[in-house]
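Chemist: Attaching a single structure in structure tokens format; questions to follow.
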Amino acid sequence: MIQIHLSRTLMMALAIAGLLFSGASMAQPDADAARLLFDQSDCGKCHNPDKNKKAPSWKKIAKTYKGKATAEAEVIKHMTKGGKVKLDDGSEEEHKVVETKDPKALKNMAQWILSH
């Protein structure tokens with residue numbers, strides 16, 4: 001009887017821990033901070049959250065990476081590596097890097113982009 005009670009208690013504790021962990025990973029990005037970094041980095045020159053400009057919109061980017069485990073890392077790589085990118089009109093130009101090296105700010109901005 002004691003063993004059954006301990007098993008139930010352990011299962012309940014694991015279930016609660018799982019809920020807490022999954023809730024923490026689903027936290028919403030800080031949209032105001034991401035938008036500020038977006039503006040400071042002049043991302044709006046080519047990108048728009050909702051509509052394609054010279055480059056894909058955040059919605060299109062989010063759709064491209066939807067369900068991919070590496071989505072956040074890939075978006076951060078694009079924001080930080082620079083280099084030549086091909087634009088929607090077929091032209092190429094240097095991709096500006098985001099104006100921060102702060103990993104939390106980069107992660108927040110990537111999550112904001114992917115949340116569209």
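Ordered as shown in the structure tokens, chains take letters A, B, and onward, while each chain numbers its residues from 1 and ligands are numbered from 1 in the order shown.
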Which residues come within 9 Å of region 42-57 of chain A, counting only C-alpha atoms, excluding same-chain residues fewer than 3 positions away, as a list of chain:residue names?
Modeler: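 Non-adjacent residues within range: A:Leu37, A:Phe38, A:Asp39, A:Lys60, A:Ile61, A:Ala62, A:Lys86, A:Leu87, A:Asp88, A:Asp89, A:Lys96, A:Val97, A:Val98, A:Glu99, A:Ile113, A:His116.
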Chemist: Name all residues at most 9 Å from region 73-80 of chain A (count only C-alpha atoms; drop same-chain ones fewer than 2 positions away) and give them as a PDB file with N, CA and C atoms, in the first residue's frame.
Modeler:
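Done, and the output landed in result-v1.pdb:
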```pdb
ATOM      1  N   ILE A  61       8.892  33.792 -42.884  1.00  0.00           N
ATOM      2  CA  ILE A  61      10.017  33.145 -42.209  1.00  0.00           C
ATOM      3  C   ILE A  61       9.497  32.141 -41.186  1.00  0.00           C
ATOM      4  N   TYR A  65      10.100  27.906 -41.086  1.00  0.00           N
ATOM      5  CA  TYR A  65      10.747  27.173 -39.998  1.00  0.00           C
ATOM      6  C   TYR A  65       9.784  26.432 -39.079  1.00  0.00           C
ATOM      7  N   ALA A  69      13.114  21.853 -35.207  1.00  0.00           N
ATOM      8  CA  ALA A  69      13.779  21.974 -33.904  1.00  0.00           C
ATOM      9  C   ALA A  69      14.891  23.015 -33.932  1.00  0.00           C
ATOM     10  N   THR A  70      15.472  23.246 -35.090  1.00  0.00           N
ATOM     11  CA  THR A  70      16.598  24.180 -35.212  1.00  0.00           C
ATOM     12  C   THR A  70      16.170  25.587 -35.614  1.00  0.00           C
ATOM     13  N   ALA A  71      14.879  25.852 -35.645  1.00  0.00           N
ATOM     14  CA  ALA A  71      14.364  27.128 -36.145  1.00  0.00           C
ATOM     15  C   ALA A  71      15.009  28.332 -35.459  1.00  0.00           C
ATOM     16  N   GLY A  82      25.724  37.976 -41.161  1.00  0.00           N
ATOM     17  CA  GLY A  82      25.977  38.876 -42.278  1.00  0.00           C
ATOM     18  C   GLY A  82      26.139  38.080 -43.564  1.00  0.00           C
ATOM     19  N   HIS A  95      23.759  41.325 -45.992  1.00  0.00           N
ATOM     20  CA  HIS A  95      22.751  41.291 -44.929  1.00  0.00           C
ATOM     21  C   HIS A  95      23.335  41.940 -43.691  1.00  0.00           C
ATOM     22  N   LYS A  96      22.666  42.960 -43.198  1.00  0.00           N
ATOM     23  CA  LYS A  96      23.119  43.619 -41.968  1.00  0.00           C
ATOM     24  C   LYS A  96      22.985  42.667 -40.792  1.00  0.00           C
ATOM     25  N   VAL A  97      23.862  42.816 -39.831  1.00  0.00           N
ATOM     26  CA  VAL A  97      23.748  42.015 -38.616  1.00  0.00           C
ATOM     27  C   VAL A  97      22.977  42.828 -37.579  1.00  0.00           C
ATOM     28  N   VAL A  98      22.321  42.125 -36.692  1.00  0.00           N
ATOM     29  CA  VAL A  98      21.537  42.750 -35.633  1.00  0.00           C
ATOM     30  C   VAL A  98      22.483  43.484 -34.687  1.00  0.00           C
ATOM     31  N   GLU A  99      22.029  44.614 -34.182  1.00  0.00           N
ATOM     32  CA  GLU A  99      22.850  45.507 -33.364  1.00  0.00           C
ATOM     33  C   GLU A  99      22.990  45.064 -31.915  1.00  0.00           C
ATOM     34  N   THR A 100      23.265  43.786 -31.682  1.00  0.00           N
ATOM     35  CA  THR A 100      23.517  43.304 -30.321  1.00  0.00           C
ATOM     36  C   THR A 100      24.290  41.998 -30.378  1.00  0.00           C
ATOM     37  N   LYS A 101      25.004  41.726 -29.325  1.00  0.00           N
ATOM     38  CA  LYS A 101      25.670  40.433 -29.151  1.00  0.00           C
ATOM     39  C   LYS A 101      25.041  39.687 -27.967  1.00  0.00           C
ATOM     40  N   LEU A 106      18.969  38.287 -28.688  1.00  0.00           N
ATOM     41  CA  LEU A 106      18.902  37.565 -29.967  1.00  0.00           C
ATOM     42  C   LEU A 106      17.840  36.470 -29.912  1.00  0.00           C
ATOM     43  N   LYS A 107      17.823  35.741 -28.807  1.00  0.00           N
ATOM     44  CA  LYS A 107      16.833  34.670 -28.630  1.00  0.00           C
ATOM     45  C   LYS A 107      15.421  35.253 -28.625  1.00  0.00           C
ATOM     46  N   MET A 109      14.397  38.060 -30.007  1.00  0.00           N
ATOM     47  CA  MET A 109      14.026  38.534 -31.334  1.00  0.00           C
ATOM     48  C   MET A 109      13.696  37.358 -32.258  1.00  0.00           C
ATOM     49  N   ALA A 110      14.474  36.283 -32.169  1.00  0.00           N
ATOM     50  CA  ALA A 110      14.193  35.092 -32.979  1.00  0.00           C
ATOM     51  C   ALA A 110      12.826  34.520 -32.623  1.00  0.00           C
ATOM     52  N   GLN A 111      12.519  34.460 -31.341  1.00  0.00           N
ATOM     53  CA  GLN A 111      11.213  33.946 -30.909  1.00  0.00           C
ATOM     54  C   GLN A 111      10.090  34.859 -31.392  1.00  0.00           C
ATOM     55  N   ILE A 113      10.141  36.750 -34.119  1.00  0.00           N
ATOM     56  CA  ILE A 113       9.995  36.504 -35.557  1.00  0.00           C
ATOM     57  C   ILE A 113       9.209  35.215 -35.784  1.00  0.00           C
ATOM     58  N   LEU A 114       9.583  34.165 -35.083  1.00  0.00           N
ATOM     59  CA  LEU A 114       8.958  32.862 -35.272  1.00  0.00           C
ATOM     60  C   LEU A 114       7.525  32.802 -34.733  1.00  0.00           C
TER      61      LEU A 114
END
```
Chemist: Mind checking which residues fall within 9 Å of Lys84 (chain A), counting only C-alpha atoms, ignoring those fewer than 5 positions away in the same chain, and posting them as a tab-separated table (two decimals) with N, CA and C atoms, in the first residue's frame?
Modeler:
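This is the output file selection.tsv:
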```
chain	number	residue	atom	x	y	z
A	92	GLU	N	21.22	40.81	-55.04
A	92	GLU	CA	21.96	40.39	-53.84
A	92	GLU	C	22.50	41.61	-53.13
A	93	GLU	N	22.57	41.54	-51.83
A	93	GLU	CA	23.22	42.58	-51.05
A	93	GLU	C	23.70	42.00	-49.73
A	94	GLU	N	24.54	42.77	-49.05
A	94	GLU	CA	25.06	42.35	-47.75
A	94	GLU	C	23.92	42.40	-46.73
A	95	HIS	N	23.76	41.33	-45.99
A	95	HIS	CA	22.75	41.29	-44.93
A	95	HIS	C	23.34	41.94	-43.69
```
Chemist: Just the residues within 9 Å of Gln28 (chain A), please, counting only C-alpha atoms, with nothing from its chain fewer than 5 positions along; format it as a list in words.
Modeler: Asn108, Gln111, Trp112 and Ser115 of chain A
Chemist: One number please: CA of Gly90 (chain A) to CA of Leu36 (chain A), in Å, one decimal.
Modeler: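 Those two atoms sit 28.8 Å apart.
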Chemist: When you draw a straight line from CA of Trp58 (chain A) to CA of Pro29 (chain A), how long is it in Å?
Modeler: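 These two atoms are separated by 14.0 Å.
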